[in-house]
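**Student:** File start.cif follows (mmCIF, C-alpha atoms):
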data_my_file
loop_
_atom_site.group_PDB
_atom_site.id
_atom_site.type_symbol
_atom_site.label_atom_id
_atom_site.label_comp_id
_atom_site.auth_asym_id
_atom_site.auth_seq_id
_atom_site.Cartn_x
_atom_site.Cartn_y
_atom_site.Cartn_z
ATOM 1 C CA MET A 17 2.255 1.411 -38.126
ATOM 2 C CA GLN A 18 3.418 4.778 -36.864
ATOM 3 C CA GLU A 19 5.681 4.590 -33.848
ATOM 4 C CA ALA A 20 4.784 6.317 -30.626
ATOM 5 C CA TRP A 21 6.491 9.624 -30.092
ATOM 6 C CA LEU A 22 7.102 12.227 -27.433
ATOM 7 C CA GLU A 23 5.874 15.749 -28.012
ATOM 8 C CA GLU A 24 7.202 18.732 -26.101
ATOM 9 C CA LEU A 25 4.487 20.933 -24.626
ATOM 10 C CA ASP A 26 4.927 24.672 -24.755
ATOM 11 C CA THR A 27 4.738 26.770 -21.617
ATOM 12 C CA GLU A 28 1.221 28.023 -22.268
ATOM 13 C CA GLU A 29 -0.081 24.502 -22.614
ATOM 14 C CA CYS A 30 1.706 23.482 -19.437
ATOM 15 C CA ILE A 31 0.072 26.341 -17.544
ATOM 16 C CA VAL A 32 -3.368 25.348 -18.802
ATOM 17 C CA LEU A 33 -2.762 21.830 -17.508
ATOM 18 C CA LEU A 34 -1.478 23.162 -14.189
ATOM 19 C CA LYS A 35 -4.641 25.210 -13.798
ATOM 20 C CA GLY A 36 -6.768 22.125 -14.269
ATOM 21 C CA GLU A 37 -5.256 20.067 -11.469
ATOM 22 C CA VAL A 38 -5.157 20.439 -7.684
ATOM 23 C CA VAL A 39 -2.917 17.547 -6.653
ATOM 24 C CA GLY A 40 0.701 17.236 -7.656
ATOM 25 C CA ARG A 41 3.854 15.591 -6.428
ATOM 26 C CA ILE A 42 6.522 17.730 -4.903
ATOM 27 C CA ALA A 43 10.090 16.454 -4.860
ATOM 28 C CA PHE A 44 13.182 17.761 -3.152
ATOM 29 C CA VAL A 45 16.516 16.489 -1.989
ATOM 30 C CA HIS A 46 16.927 15.804 1.716
ATOM 31 C CA GLU A 47 20.344 14.746 3.004
ATOM 32 C CA GLY A 48 21.330 13.812 -0.514
ATOM 33 C CA LEU A 49 18.330 11.566 -1.124
ATOM 34 C CA PRO A 50 15.242 12.339 -3.172
ATOM 35 C CA VAL A 51 11.880 12.727 -1.478
ATOM 36 C CA VAL A 52 8.521 12.822 -3.256
ATOM 37 C CA LEU A 53 5.205 13.632 -1.605
ATOM 38 C CA PRO A 54 1.678 14.324 -2.822
ATOM 39 C CA VAL A 55 0.555 17.856 -2.212
ATOM 40 C CA ASN A 56 -2.326 20.168 -2.960
ATOM 41 C CA TYR A 57 -1.444 23.206 -4.944
ATOM 42 C CA HIS A 58 -3.165 26.130 -6.501
ATOM 43 C CA LEU A 59 -1.891 28.131 -9.430
ATOM 44 C CA LEU A 60 -1.999 31.887 -9.062
ATOM 45 C CA GLU A 61 -1.433 34.333 -11.852
ATOM 46 C CA THR A 62 0.285 37.488 -10.713
ATOM 47 C CA PRO A 63 1.381 40.568 -12.648
ATOM 48 C CA THR A 64 4.902 39.171 -12.718
ATOM 49 C CA GLY A 65 4.018 35.641 -13.704
ATOM 50 C CA ILE A 66 2.582 32.534 -12.163
ATOM 51 C CA VAL A 67 3.267 30.998 -8.779
ATOM 52 C CA LEU A 68 2.129 27.754 -7.242
ATOM 53 C CA THR A 69 0.808 27.992 -3.715
ATOM 54 C CA LEU A 70 0.927 25.100 -1.281
ATOM 55 C CA ARG A 71 -0.542 24.569 2.157
ATOM 56 C CA THR A 72 1.310 22.418 4.584
ATOM 57 C CA ARG A 73 1.654 21.463 8.215
ATOM 58 C CA PRO A 74 4.088 23.488 10.314
ATOM 59 C CA GLY A 75 7.294 21.612 10.968
ATOM 60 C CA GLY A 76 6.565 18.900 8.410
ATOM 61 C CA PRO A 77 8.848 17.766 5.581
ATOM 62 C CA ILE A 78 7.555 20.284 3.075
ATOM 63 C CA ASP A 79 7.761 23.133 5.575
ATOM 64 C CA ARG A 80 11.419 22.188 6.110
ATOM 65 C CA ALA A 81 12.189 21.467 2.469
ATOM 66 C CA PRO A 82 15.106 23.197 0.751
ATOM 67 C CA ARG A 83 14.558 25.925 -1.802
ATOM 68 C CA ALA A 84 15.126 23.782 -4.871
ATOM 69 C CA VAL A 85 11.993 21.755 -5.560
ATOM 70 C CA ALA A 86 10.140 20.171 -8.452
ATOM 71 C CA LEU A 87 6.397 19.732 -8.771
ATOM 72 C CA GLU A 88 4.932 17.282 -11.239
ATOM 73 C CA ILE A 89 1.424 16.636 -12.500
ATOM 74 C CA ASP A 90 0.346 14.157 -15.125
ATOM 75 C CA GLY A 91 -2.511 12.430 -16.844
ATOM 76 C CA ILE A 92 -2.044 8.827 -17.855
ATOM 77 C CA ASP A 93 -4.345 6.875 -20.139
ATOM 78 C CA HIS A 94 -3.252 3.274 -19.785
ATOM 79 C CA SER A 95 -5.854 1.889 -22.136
ATOM 80 C CA ARG A 96 -4.543 3.989 -25.005
ATOM 81 C CA GLN A 97 -0.949 3.974 -23.838
ATOM 82 C CA ARG A 98 -0.650 7.718 -23.914
ATOM 83 C CA GLY A 99 -0.349 10.513 -21.419
ATOM 84 C CA TRP A 100 1.232 13.775 -20.484
ATOM 85 C CA SER A 101 3.375 15.163 -17.723
ATOM 86 C CA VAL A 102 4.233 18.697 -16.638
ATOM 87 C CA LEU A 103 7.253 19.422 -14.498
ATOM 88 C CA VAL A 104 7.819 22.693 -12.686
ATOM 89 C CA ARG A 105 11.270 23.254 -11.284
ATOM 90 C CA GLY A 106 11.454 26.213 -9.014
ATOM 91 C CA SER A 107 12.244 27.887 -5.778
ATOM 92 C CA LEU A 108 10.188 27.210 -2.664
ATOM 93 C CA ARG A 109 9.680 29.910 -0.087
ATOM 94 C CA HIS A 110 7.327 30.732 2.711
ATOM 95 C CA LEU A 111 4.665 33.302 2.128
ATOM 96 C CA ALA A 112 5.958 36.487 3.646
ATOM 97 C CA ALA A 113 4.181 39.504 5.045
ATOM 98 C CA ARG A 114 5.266 41.434 1.973
ATOM 99 C CA ASP A 115 3.092 39.152 -0.100
ATOM 100 C CA ASN A 116 -0.125 40.880 0.897
ATOM 101 C CA GLU A 117 -1.303 40.855 -2.656
ATOM 102 C CA LEU A 118 -0.770 37.116 -2.917
ATOM 103 C CA GLN A 119 -2.424 36.449 0.416
ATOM 104 C CA GLU A 120 -5.596 38.086 -0.777
ATOM 105 C CA HIS A 121 -5.896 35.405 -3.402
ATOM 106 C CA PHE A 122 -5.353 32.498 -1.060
ATOM 107 C CA ARG A 123 -8.227 30.410 0.091
ATOM 108 C CA VAL A 124 -7.351 30.534 3.723
ATOM 109 C CA VAL A 125 -10.319 28.728 5.215
ATOM 110 C CA PRO A 126 -8.609 25.686 6.724
ATOM 111 C CA TRP A 127 -9.872 22.284 5.767
ATOM 112 C CA LEU A 128 -9.469 21.073 9.329
ATOM 113 C CA PRO A 129 -10.504 24.084 11.423
ATOM 114 C CA ALA A 130 -8.379 23.290 14.454
ATOM 115 C CA GLU A 131 -5.300 22.547 12.408
ATOM 116 C CA PRO A 132 -2.731 25.264 11.866
ATOM 117 C CA ASP A 133 -1.089 25.457 8.493
ATOM 118 C CA VAL A 134 1.678 27.183 6.654
ATOM 119 C CA TRP A 135 1.495 28.600 3.173
ATOM 120 C CA LEU A 136 4.326 28.296 0.746
ATOM 121 C CA VAL A 137 4.979 29.483 -2.745
ATOM 122 C CA ILE A 138 6.859 27.842 -5.586
ATOM 123 C CA GLU A 139 8.267 30.422 -7.957
ATOM 124 C CA PRO A 140 8.880 28.563 -11.218
ATOM 125 C CA VAL A 141 12.304 28.690 -12.771
ATOM 126 C CA GLU A 142 11.524 26.221 -15.524
ATOM 127 C CA ILE A 143 8.254 24.751 -16.751
ATOM 128 C CA SER A 144 8.360 21.855 -19.145
ATOM 129 C CA GLY A 145 5.955 19.242 -20.350
ATOM 130 C CA ARG A 146 5.759 16.226 -22.578
ATOM 131 C CA ARG A 147 2.969 14.308 -24.148
ATOM 132 C CA LEU A 148 3.356 10.714 -25.208
ATOM 133 C CA GLN A 149 1.410 10.034 -28.373
ATOM 134 C CA ALA A 150 0.460 6.431 -28.811
ATOM 135 C CA ALA A 151 1.521 4.357 -31.760
ATOM 136 C CA THR A 152 -1.100 4.265 -34.490
ATOM 137 C CA VAL A 153 -1.883 1.624 -37.051
ATOM 138 C CA GLU A 154 -2.251 2.543 -40.721
ATOM 139 C CA TRP A 155 -5.520 0.704 -40.984
ATOM 140 C CA ALA A 156 -8.353 0.476 -38.536
ATOM 141 C CA PHE A 157 -10.802 -2.300 -37.888
ATOM 142 C CA ARG A 158 -14.272 -0.863 -38.137
ATOM 143 C CA ALA A 159 -16.926 -3.112 -36.712
ATOM 144 C CA GLY A 160 -19.589 -1.149 -38.552
ATOM 145 C CA GLY A 161 -18.284 -2.452 -41.859
ATOM 146 C CA TYR A 162 -19.479 -5.931 -40.975
ATOM 147 C CA LEU A 163 -22.959 -4.996 -39.833
ATOM 148 C CA MET B 15 -10.549 -3.700 16.970
ATOM 149 C CA ARG B 16 -10.031 0.006 16.735
ATOM 150 C CA THR B 17 -11.986 1.893 14.123
ATOM 151 C CA HIS B 18 -10.720 5.044 12.523
ATOM 152 C CA ALA B 19 -12.756 8.192 12.476
ATOM 153 C CA PRO B 20 -13.366 10.025 9.234
ATOM 154 C CA ASN B 21 -10.472 12.288 8.282
ATOM 155 C CA GLU B 22 -8.140 10.452 10.587
ATOM 156 C CA MET B 23 -4.906 9.452 8.965
ATOM 157 C CA ARG B 24 -3.156 6.292 9.949
ATOM 158 C CA ASP B 25 0.045 4.638 8.907
ATOM 159 C CA LEU B 26 -0.164 1.563 6.742
ATOM 160 C CA SER B 27 1.542 -1.525 8.087
ATOM 161 C CA LEU B 28 4.360 -3.305 6.281
ATOM 162 C CA ALA B 29 1.818 -5.938 5.251
ATOM 163 C CA GLU B 30 -0.659 -3.403 3.909
ATOM 164 C CA CYS B 31 1.802 -1.473 1.776
ATOM 165 C CA PRO B 32 2.651 -4.284 -0.688
ATOM 166 C CA ALA B 33 -1.031 -5.192 -0.935
ATOM 167 C CA ARG B 34 -1.861 -1.654 -2.016
ATOM 168 C CA LEU B 35 1.093 -1.492 -4.381
ATOM 169 C CA ARG B 36 -0.247 -4.521 -6.204
ATOM 170 C CA LEU B 37 -3.411 -2.556 -6.990
ATOM 171 C CA ALA B 38 -1.534 0.315 -8.603
ATOM 172 C CA ASP B 39 -0.134 0.590 -12.086
ATOM 173 C CA THR B 40 1.297 4.114 -11.979
ATOM 174 C CA GLY B 41 3.601 6.003 -9.646
ATOM 175 C CA ARG B 42 5.851 9.040 -9.556
ATOM 176 C CA LEU B 43 9.559 8.563 -9.336
ATOM 177 C CA ALA B 44 11.830 11.239 -7.893
ATOM 178 C CA ILE B 45 15.472 11.252 -8.816
ATOM 179 C CA THR B 46 18.316 13.632 -8.234
ATOM 180 C CA SER B 47 19.795 15.118 -11.357
ATOM 181 C CA ARG B 48 22.798 17.396 -10.876
ATOM 182 C CA ALA B 49 21.792 17.837 -7.227
ATOM 183 C CA LEU B 50 18.295 18.975 -8.230
ATOM 184 C CA PRO B 51 15.089 16.998 -7.905
ATOM 185 C CA LEU B 52 13.225 15.633 -10.882
ATOM 186 C CA VAL B 53 9.919 13.739 -11.018
ATOM 187 C CA VAL B 54 8.767 11.388 -13.722
ATOM 188 C CA PRO B 55 5.591 9.300 -13.978
ATOM 189 C CA VAL B 56 6.305 5.605 -14.214
ATOM 190 C CA GLU B 57 4.332 2.446 -14.751
ATOM 191 C CA ILE B 58 4.901 -0.096 -12.026
ATOM 192 C CA ASP B 59 4.524 -3.800 -11.602
ATOM 193 C CA ASP B 60 4.897 -5.484 -8.248
ATOM 194 C CA VAL B 61 6.760 -8.746 -8.615
ATOM 195 C CA GLY B 62 7.003 -9.488 -4.916
ATOM 196 C CA HIS B 63 10.444 -8.725 -3.627
ATOM 197 C CA GLU B 64 10.953 -5.745 -5.921
ATOM 198 C CA LEU B 65 9.102 -3.427 -8.249
ATOM 199 C CA ARG B 66 9.500 -3.276 -11.988
ATOM 200 C CA ILE B 67 9.287 0.266 -13.233
ATOM 201 C CA ARG B 68 9.432 1.987 -16.586
ATOM 202 C CA SER B 69 9.289 5.685 -17.322
ATOM 203 C CA LEU B 70 6.130 6.771 -19.091
ATOM 204 C CA LEU B 71 8.103 9.501 -20.836
ATOM 205 C CA GLY B 72 10.298 7.274 -22.922
ATOM 206 C CA ASP B 73 13.973 7.829 -22.414
ATOM 207 C CA ALA B 74 13.609 11.581 -21.937
ATOM 208 C CA VAL B 75 14.451 11.196 -18.273
ATOM 209 C CA PRO B 76 17.919 9.971 -17.377
ATOM 210 C CA LEU B 77 17.209 6.942 -15.212
ATOM 211 C CA GLN B 78 20.369 4.988 -14.631
ATOM 212 C CA GLU B 79 21.499 1.838 -12.942
ATOM 213 C CA GLY B 80 22.439 2.547 -9.345
ATOM 214 C CA ASN B 81 20.268 5.647 -8.961
ATOM 215 C CA VAL B 82 18.862 6.030 -5.472
ATOM 216 C CA VAL B 83 15.272 7.039 -6.047
ATOM 217 C CA ALA B 84 12.011 7.668 -4.235
ATOM 218 C CA LEU B 85 8.737 6.349 -5.605
ATOM 219 C CA GLU B 86 5.321 7.576 -4.556
ATOM 220 C CA VAL B 87 2.177 5.647 -5.360
ATOM 221 C CA GLY B 88 -1.212 6.802 -4.238
ATOM 222 C CA THR B 89 -4.847 7.347 -4.926
ATOM 223 C CA PHE B 90 -6.615 10.646 -4.420
ATOM 224 C CA GLY B 91 -10.187 10.711 -5.519
ATOM 225 C CA ASP B 92 -12.978 13.172 -5.205
ATOM 226 C CA GLY B 93 -13.085 13.001 -1.448
ATOM 227 C CA ARG B 94 -15.609 10.190 -1.204
ATOM 228 C CA TYR B 95 -13.242 7.268 -1.046
ATOM 229 C CA ASP B 96 -10.231 6.250 0.966
ATOM 230 C CA GLU B 97 -7.070 8.017 -0.008
ATOM 231 C CA TRP B 98 -3.673 6.510 0.450
ATOM 232 C CA SER B 99 -0.065 7.053 -0.397
ATOM 233 C CA ILE B 100 2.944 4.780 -0.249
ATOM 234 C CA SER B 101 6.550 5.896 -0.482
ATOM 235 C CA VAL B 102 9.311 3.530 -1.498
ATOM 236 C CA ARG B 103 12.990 4.318 -1.459
ATOM 237 C CA GLY B 104 15.438 2.070 -3.217
ATOM 238 C CA VAL B 105 18.061 1.565 -5.875
ATOM 239 C CA LEU B 106 17.474 1.077 -9.589
ATOM 240 C CA ARG B 107 18.790 -1.926 -11.458
ATOM 241 C CA ARG B 108 18.550 -2.089 -15.234
ATOM 242 C CA ILE B 109 16.766 -5.078 -16.737
ATOM 243 C CA PRO B 110 17.855 -5.641 -20.328
ATOM 244 C CA PRO B 111 15.332 -6.792 -22.951
ATOM 245 C CA GLN B 112 14.876 -10.541 -22.801
ATOM 246 C CA SER B 113 14.571 -10.963 -26.554
ATOM 247 C CA ALA B 114 15.076 -9.185 -29.865
ATOM 248 C CA GLU B 115 11.292 -8.940 -30.196
ATOM 249 C CA GLU B 116 10.990 -7.209 -26.865
ATOM 250 C CA ALA B 117 13.735 -4.776 -27.836
ATOM 251 C CA ALA B 118 11.981 -3.972 -31.105
ATOM 252 C CA LEU B 119 8.636 -3.488 -29.399
ATOM 253 C CA THR B 120 10.257 -1.184 -26.878
ATOM 254 C CA GLN B 121 11.495 1.014 -29.703
ATOM 255 C CA VAL B 122 8.222 1.045 -31.624
ATOM 256 C CA LEU B 123 6.200 1.951 -28.559
ATOM 257 C CA CYS B 124 8.720 4.623 -27.531
ATOM 258 C CA ARG B 125 9.133 2.761 -24.284
ATOM 259 C CA ALA B 126 11.824 3.508 -21.797
ATOM 260 C CA PRO B 127 14.221 0.914 -20.434
ATOM 261 C CA LEU B 128 12.905 -1.397 -17.747
ATOM 262 C CA PHE B 129 14.291 -1.141 -14.223
ATOM 263 C CA ALA B 130 13.927 -3.086 -11.021
ATOM 264 C CA LEU B 131 13.525 -1.076 -7.846
ATOM 265 C CA SER B 132 14.594 -2.618 -4.602
ATOM 266 C CA MET B 133 12.340 -1.740 -1.705
ATOM 267 C CA GLU B 134 14.812 -0.611 0.934
ATOM 268 C CA LEU B 135 12.322 1.543 2.792
ATOM 269 C CA ILE B 136 8.570 1.522 2.476
ATOM 270 C CA THR B 137 6.046 3.639 4.343
ATOM 271 C CA GLY B 138 2.453 4.544 3.758
ATOM 272 C CA TRP B 139 -0.663 6.143 5.118
ATOM 273 C CA THR B 140 -4.362 6.107 4.443
ATOM 274 C CA ARG B 141 -7.241 8.329 5.270
ATOM 275 C CA THR B 142 -10.996 7.979 5.113
ATOM 276 C CA PRO B 143 -12.637 11.244 4.133
ATOM 277 C CA SER B 144 -15.557 12.613 6.053
ATOM 278 C CA ALA B 145 -18.955 12.438 4.418
ATOM 279 C CA ASN B 146 -19.046 16.071 3.362
ATOM 280 C CA GLU B 147 -15.404 16.461 2.533
ATOM 281 C CA HIS B 148 -15.815 16.543 -1.211
ATOM 282 C CA CYS B 149 -17.665 19.796 -0.761
ATOM 283 C CA ASN B 150 -14.398 21.342 0.378
ATOM 284 C CA ARG B 151 -12.287 19.452 -2.062
ATOM 285 C CA GLU B 152 -10.770 22.543 -3.588
ATOM 286 C CA GLU B 153 -9.268 23.338 -0.244
ATOM 287 C CA GLY B 154 -7.309 20.122 -0.483
ATOM 288 C CA PRO B 155 -7.502 16.747 1.151
ATOM 289 C CA PHE B 156 -4.264 16.988 2.978
ATOM 290 C CA ALA B 157 -1.660 19.477 3.992
ATOM 291 C CA GLU B 158 1.193 17.105 3.404
ATOM 292 C CA GLN B 159 2.097 13.478 3.690
ATOM 293 C CA PRO B 160 3.094 11.373 5.369
ATOM 294 C CA ARG B 161 2.093 12.213 8.887
ATOM 295 C CA ARG B 162 0.666 10.392 11.797
ATOM 296 C CA ALA B 163 -2.910 10.537 12.929
ATOM 297 C CA ARG B 164 -3.452 12.923 15.736
ATOM 298 C CA ARG B 165 -4.867 11.801 18.992
#
What is this file in structure tokens?

**Tutor:**
Amino acid sequence: MQEAWLEELDTEECIVLLKGEVVGRIAFVHEGLPVVLPVNYHLLETPTGIVLTLRTRPGGPIDRAPRAVALEIDGIDHSRQRGWSVLVRGSLRHLAARDNELQEHFRVVPWLPAEPDVWLVIEPVEISGRRLQAATVEWAFRAGGYL
Amino acid sequence: MRTHAPNEMRDLSLAECPARLRLADTGRLAITSRALPLVVPVEIDDVGHELRIRSLLGDAVPLQEGNVVALEVGTFGDGRYDEWSISVRGVLRRIPPQSAEEAALTQVLCRAPLFALSMELITGWTRTPSANEHCNREEGPFAEQPRRARR
């Protein structure tokens, strides 16, 4: 039997996984305590790199979050006891007027028309990912062999 | 009895939160590492007065006894079903392996240490999507959570 092992994902693979998801968990520290919330995000590729854009409610926890944040996405396969996780640690900031180029890429049609929203950007400082490979047995039971 | 309109978000009661937690097997745990946030997926098991949690990333993440952590558990589908999220804040307590066999299995399966999480604070919300919401799914089901339903 081969033991399960953790595999580091390279940055390119992490970005591919980030592109394929729309819901992540954002975490930050508020008054010394961790906070984690689900959030929609969208990955944008810019000439200087990638950014993650978020839409949030004005005055809410994410709107008031500190600069240092982490955003995590994952895919867990319980039946096979394997999965992956990508963690982006970065700097959160509000979309500024100088970000005209970024704004053009945003989907700004609000989901709830009457609801105002605020757009934020996470500029990644570190992107890391891991994949848990399940333990494998050296032999396999093949039902077909008995048919 | 009050019914809730599609898209309306409402807070889950203290009775509803544990009931939903029992349905879940995965959550995301936020910890503070050197004053910076970190998130790790965890498997969870509700044992009543506390949660049992184990990192799904082996021991790559430094969970420690006494850590004050935040756990988020939720379900977000394709916009056709109820969505919900529960946040738990508490303190981690290490649970040592109960036998040599369990310790060996933990190593073979690259499993992380087991922790108990006290449930000091628990909050949650749920939302029923509107019928055509999944058409706009890429726009996102929510701006942020938790928040109260608007009148």

**Student:** Selection in question (the file shown): the PyMOL selection byres ((chain A and resi 21-30) around 7). Which residues does it include, as a PyMOL selection string?

**Tutor:** (chain A and resi 19-20+31-34+102+143-150) or (chain B and resi 124)

**Student:** Within 9 Å of chain B, which residues of chain A are there when counting only C-alpha atoms? Please give them as an NGL selection string.

**Tutor:** :A and (17-22 or 38-39 or 41-45 or 48-58 or 70-73 or 76-78 or 84-90 or 92 or 94 or 97-101 or 103 or 105 or 123-128 or 133-134 or 146-148 or 150-151)

**Student:** Given the selection you just returned, output its residues as a file containing C-alpha atoms, formatted as a PDB file, keeping the file's coordinate frame.

**Tutor:**
ATOM      1  CA  MET A  17       2.255   1.411 -38.126  1.00  0.00           C
ATOM      2  CA  GLN A  18       3.418   4.778 -36.864  1.00  0.00           C
ATOM      3  CA  GLU A  19       5.681   4.590 -33.848  1.00  0.00           C
ATOM      4  CA  ALA A  20       4.784   6.317 -30.626  1.00  0.00           C
ATOM      5  CA  TRP A  21       6.491   9.624 -30.092  1.00  0.00           C
ATOM      6  CA  LEU A  22       7.102  12.227 -27.433  1.00  0.00           C
ATOM      7  CA  VAL A  38      -5.157  20.439  -7.684  1.00  0.00           C
ATOM      8  CA  VAL A  39      -2.917  17.547  -6.653  1.00  0.00           C
ATOM      9  CA  ARG A  41       3.854  15.591  -6.428  1.00  0.00           C
ATOM     10  CA  ILE A  42       6.522  17.730  -4.903  1.00  0.00           C
ATOM     11  CA  ALA A  43      10.090  16.454  -4.860  1.00  0.00           C
ATOM     12  CA  PHE A  44      13.182  17.761  -3.152  1.00  0.00           C
ATOM     13  CA  VAL A  45      16.516  16.489  -1.989  1.00  0.00           C
ATOM     14  CA  GLY A  48      21.330  13.812  -0.514  1.00  0.00           C
ATOM     15  CA  LEU A  49      18.330  11.566  -1.124  1.00  0.00           C
ATOM     16  CA  PRO A  50      15.242  12.339  -3.172  1.00  0.00           C
ATOM     17  CA  VAL A  51      11.880  12.727  -1.478  1.00  0.00           C
ATOM     18  CA  VAL A  52       8.521  12.822  -3.256  1.00  0.00           C
ATOM     19  CA  LEU A  53       5.205  13.632  -1.605  1.00  0.00           C
ATOM     20  CA  PRO A  54       1.678  14.324  -2.822  1.00  0.00           C
ATOM     21  CA  VAL A  55       0.555  17.856  -2.212  1.00  0.00           C
ATOM     22  CA  ASN A  56      -2.326  20.168  -2.960  1.00  0.00           C
ATOM     23  CA  TYR A  57      -1.444  23.206  -4.944  1.00  0.00           C
ATOM     24  CA  HIS A  58      -3.165  26.130  -6.501  1.00  0.00           C
ATOM     25  CA  LEU A  70       0.927  25.100  -1.281  1.00  0.00           C
ATOM     26  CA  ARG A  71      -0.542  24.569   2.157  1.00  0.00           C
ATOM     27  CA  THR A  72       1.310  22.418   4.584  1.00  0.00           C
ATOM     28  CA  ARG A  73       1.654  21.463   8.215  1.00  0.00           C
ATOM     29  CA  GLY A  76       6.565  18.900   8.410  1.00  0.00           C
ATOM     30  CA  PRO A  77       8.848  17.766   5.581  1.00  0.00           C
ATOM     31  CA  ILE A  78       7.555  20.284   3.075  1.00  0.00           C
ATOM     32  CA  ALA A  84      15.126  23.782  -4.871  1.00  0.00           C
ATOM     33  CA  VAL A  85      11.993  21.755  -5.560  1.00  0.00           C
ATOM     34  CA  ALA A  86      10.140  20.171  -8.452  1.00  0.00           C
ATOM     35  CA  LEU A  87       6.397  19.732  -8.771  1.00  0.00           C
ATOM     36  CA  GLU A  88       4.932  17.282 -11.239  1.00  0.00           C
ATOM     37  CA  ILE A  89       1.424  16.636 -12.500  1.00  0.00           C
ATOM     38  CA  ASP A  90       0.346  14.157 -15.125  1.00  0.00           C
ATOM     39  CA  ILE A  92      -2.044   8.827 -17.855  1.00  0.00           C
ATOM     40  CA  HIS A  94      -3.252   3.274 -19.785  1.00  0.00           C
ATOM     41  CA  GLN A  97      -0.949   3.974 -23.838  1.00  0.00           C
ATOM     42  CA  ARG A  98      -0.650   7.718 -23.914  1.00  0.00           C
ATOM     43  CA  GLY A  99      -0.349  10.513 -21.419  1.00  0.00           C
ATOM     44  CA  TRP A 100       1.232  13.775 -20.484  1.00  0.00           C
ATOM     45  CA  SER A 101       3.375  15.163 -17.723  1.00  0.00           C
ATOM     46  CA  LEU A 103       7.253  19.422 -14.498  1.00  0.00           C
ATOM     47  CA  ARG A 105      11.270  23.254 -11.284  1.00  0.00           C
ATOM     48  CA  ARG A 123      -8.227  30.410   0.091  1.00  0.00           C
ATOM     49  CA  VAL A 124      -7.351  30.534   3.723  1.00  0.00           C
ATOM     50  CA  VAL A 125     -10.319  28.728   5.215  1.00  0.00           C
ATOM     51  CA  PRO A 126      -8.609  25.686   6.724  1.00  0.00           C
ATOM     52  CA  TRP A 127      -9.872  22.284   5.767  1.00  0.00           C
ATOM     53  CA  LEU A 128      -9.469  21.073   9.329  1.00  0.00           C
ATOM     54  CA  ASP A 133      -1.089  25.457   8.493  1.00  0.00           C
ATOM     55  CA  VAL A 134       1.678  27.183   6.654  1.00  0.00           C
ATOM     56  CA  ARG A 146       5.759  16.226 -22.578  1.00  0.00           C
ATOM     57  CA  ARG A 147       2.969  14.308 -24.148  1.00  0.00           C
ATOM     58  CA  LEU A 148       3.356  10.714 -25.208  1.00  0.00           C
ATOM     59  CA  ALA A 150       0.460   6.431 -28.811  1.00  0.00           C
ATOM     60  CA  ALA A 151       1.521   4.357 -31.760  1.00  0.00           C
TER      61      ALA A 151
END

**Student:** Kindly give the distance, in Å, that separates CA of Ser27 in chain B and CA of Gly104 in chain B, rounded to a single decimal.

**Tutor:**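 CA of Gly104 in chain B lies 18.3 Å from CA of Ser27 in chain B.
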
**Student:** How many Å lie between CA of Val137 in chain A and CA of Ser107 in chain A, rounded to one decimal?

**Tutor:**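 Taking CA of Val137 in chain A as the start and CA of Ser107 in chain A as the end point, the length is 8.0 Å.
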
**Student:** Give me the residues within 6 Å of Leu136 in chain A as a list of chain:residue names, counting only C-alpha atoms and dropping any in the same chain fewer than 5 places off.

**Tutor:**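 Counting only the stated atoms, we get A:Thr69, A:Leu70, A:Arg109, A:His110, A:Leu111.
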
**Student:** Go ahead and write the residues just picked, C-alpha atoms, as a compact mmCIF listing (two decimals), in the coordinates of the input.

**Tutor:**
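Dumped to part.txt:
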# COMPACT_ATOMS: atom_id res chain seq x y z
CA THR A 69 0.81 27.99 -3.72
CA LEU A 70 0.93 25.10 -1.28
CA ARG A 109 9.68 29.91 -0.09
CA HIS A 110 7.33 30.73 2.71
CA LEU A 111 4.66 33.30 2.13

**Student:** Between CA of Thr137 in chain B and CA of Ala29 in chain B, measure the distance and give it in Å to one decimal.

**Tutor:** 10.5 Å

**Student:** Smallest atom-to-atom distance to Ile136 in chain B: which of B:Leu37, B:Ile67, B:Leu28, B:Leu77, using all atoms listed in the file?

**Tutor:**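 Between B:Leu37, B:Ile67, B:Leu28, B:Leu77, the residue approaching Ile136 in chain B most closely is B:Leu28.
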
**Student:** Considering only C-alpha atoms, return as a PyMOL selection string whatever protein or nucleic-acid residues lie within 8 Å of Pro127 in chain B, sequence-local ones (same chain, fewer than 6 positions apart) excluded.

**Tutor:** chain B and resi 68-69+72-73+108-110+120

**Student:** For the selection just defined, write its residues with C-alpha atoms to a file, as a PDB file, in the frame of the given file.

**Tutor:**
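Output file again_29.pdb follows:
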ATOM      1  CA  ARG B  68       9.432   1.987 -16.586  1.00  0.00           C
ATOM      2  CA  SER B  69       9.289   5.685 -17.322  1.00  0.00           C
ATOM      3  CA  GLY B  72      10.298   7.274 -22.922  1.00  0.00           C
ATOM      4  CA  ASP B  73      13.973   7.829 -22.414  1.00  0.00           C
ATOM      5  CA  ARG B 108      18.550  -2.089 -15.234  1.00  0.00           C
ATOM      6  CA  ILE B 109      16.766  -5.078 -16.737  1.00  0.00           C
ATOM      7  CA  PRO B 110      17.855  -5.641 -20.328  1.00  0.00           C
ATOM      8  CA  THR B 120      10.257  -1.184 -26.878  1.00  0.00           C
TER       9      THR B 120
END

**Student:** Exactly which residues make up the result of the PyMOL selection byres ((chain B and resi 107) around 8) on this file, given as a list of chain:residue names?

**Tutor:** B:Gln78, B:Glu79, B:Gly80, B:Val105, B:Leu106, B:Arg108, B:Ile109, B:Phe129, B:Ala130, B:Leu131

**Student:** Would you export the selected residues with C-alpha atoms as a compact mmCIF listing (two decimals), keeping the file's coordinate frame, please?

**Tutor:**
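Ended up saving to part06.txt:
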# COMPACT_ATOMS: atom_id res chain seq x y z
CA GLN B 78 20.37 4.99 -14.63
CA GLU B 79 21.50 1.84 -12.94
CA GLY B 80 22.44 2.55 -9.35
CA VAL B 105 18.06 1.56 -5.88
CA LEU B 106 17.47 1.08 -9.59
CA ARG B 108 18.55 -2.09 -15.23
CA ILE B 109 16.77 -5.08 -16.74
CA PHE B 129 14.29 -1.14 -14.22
CA ALA B 130 13.93 -3.09 -11.02
CA LEU B 131 13.52 -1.08 -7.85
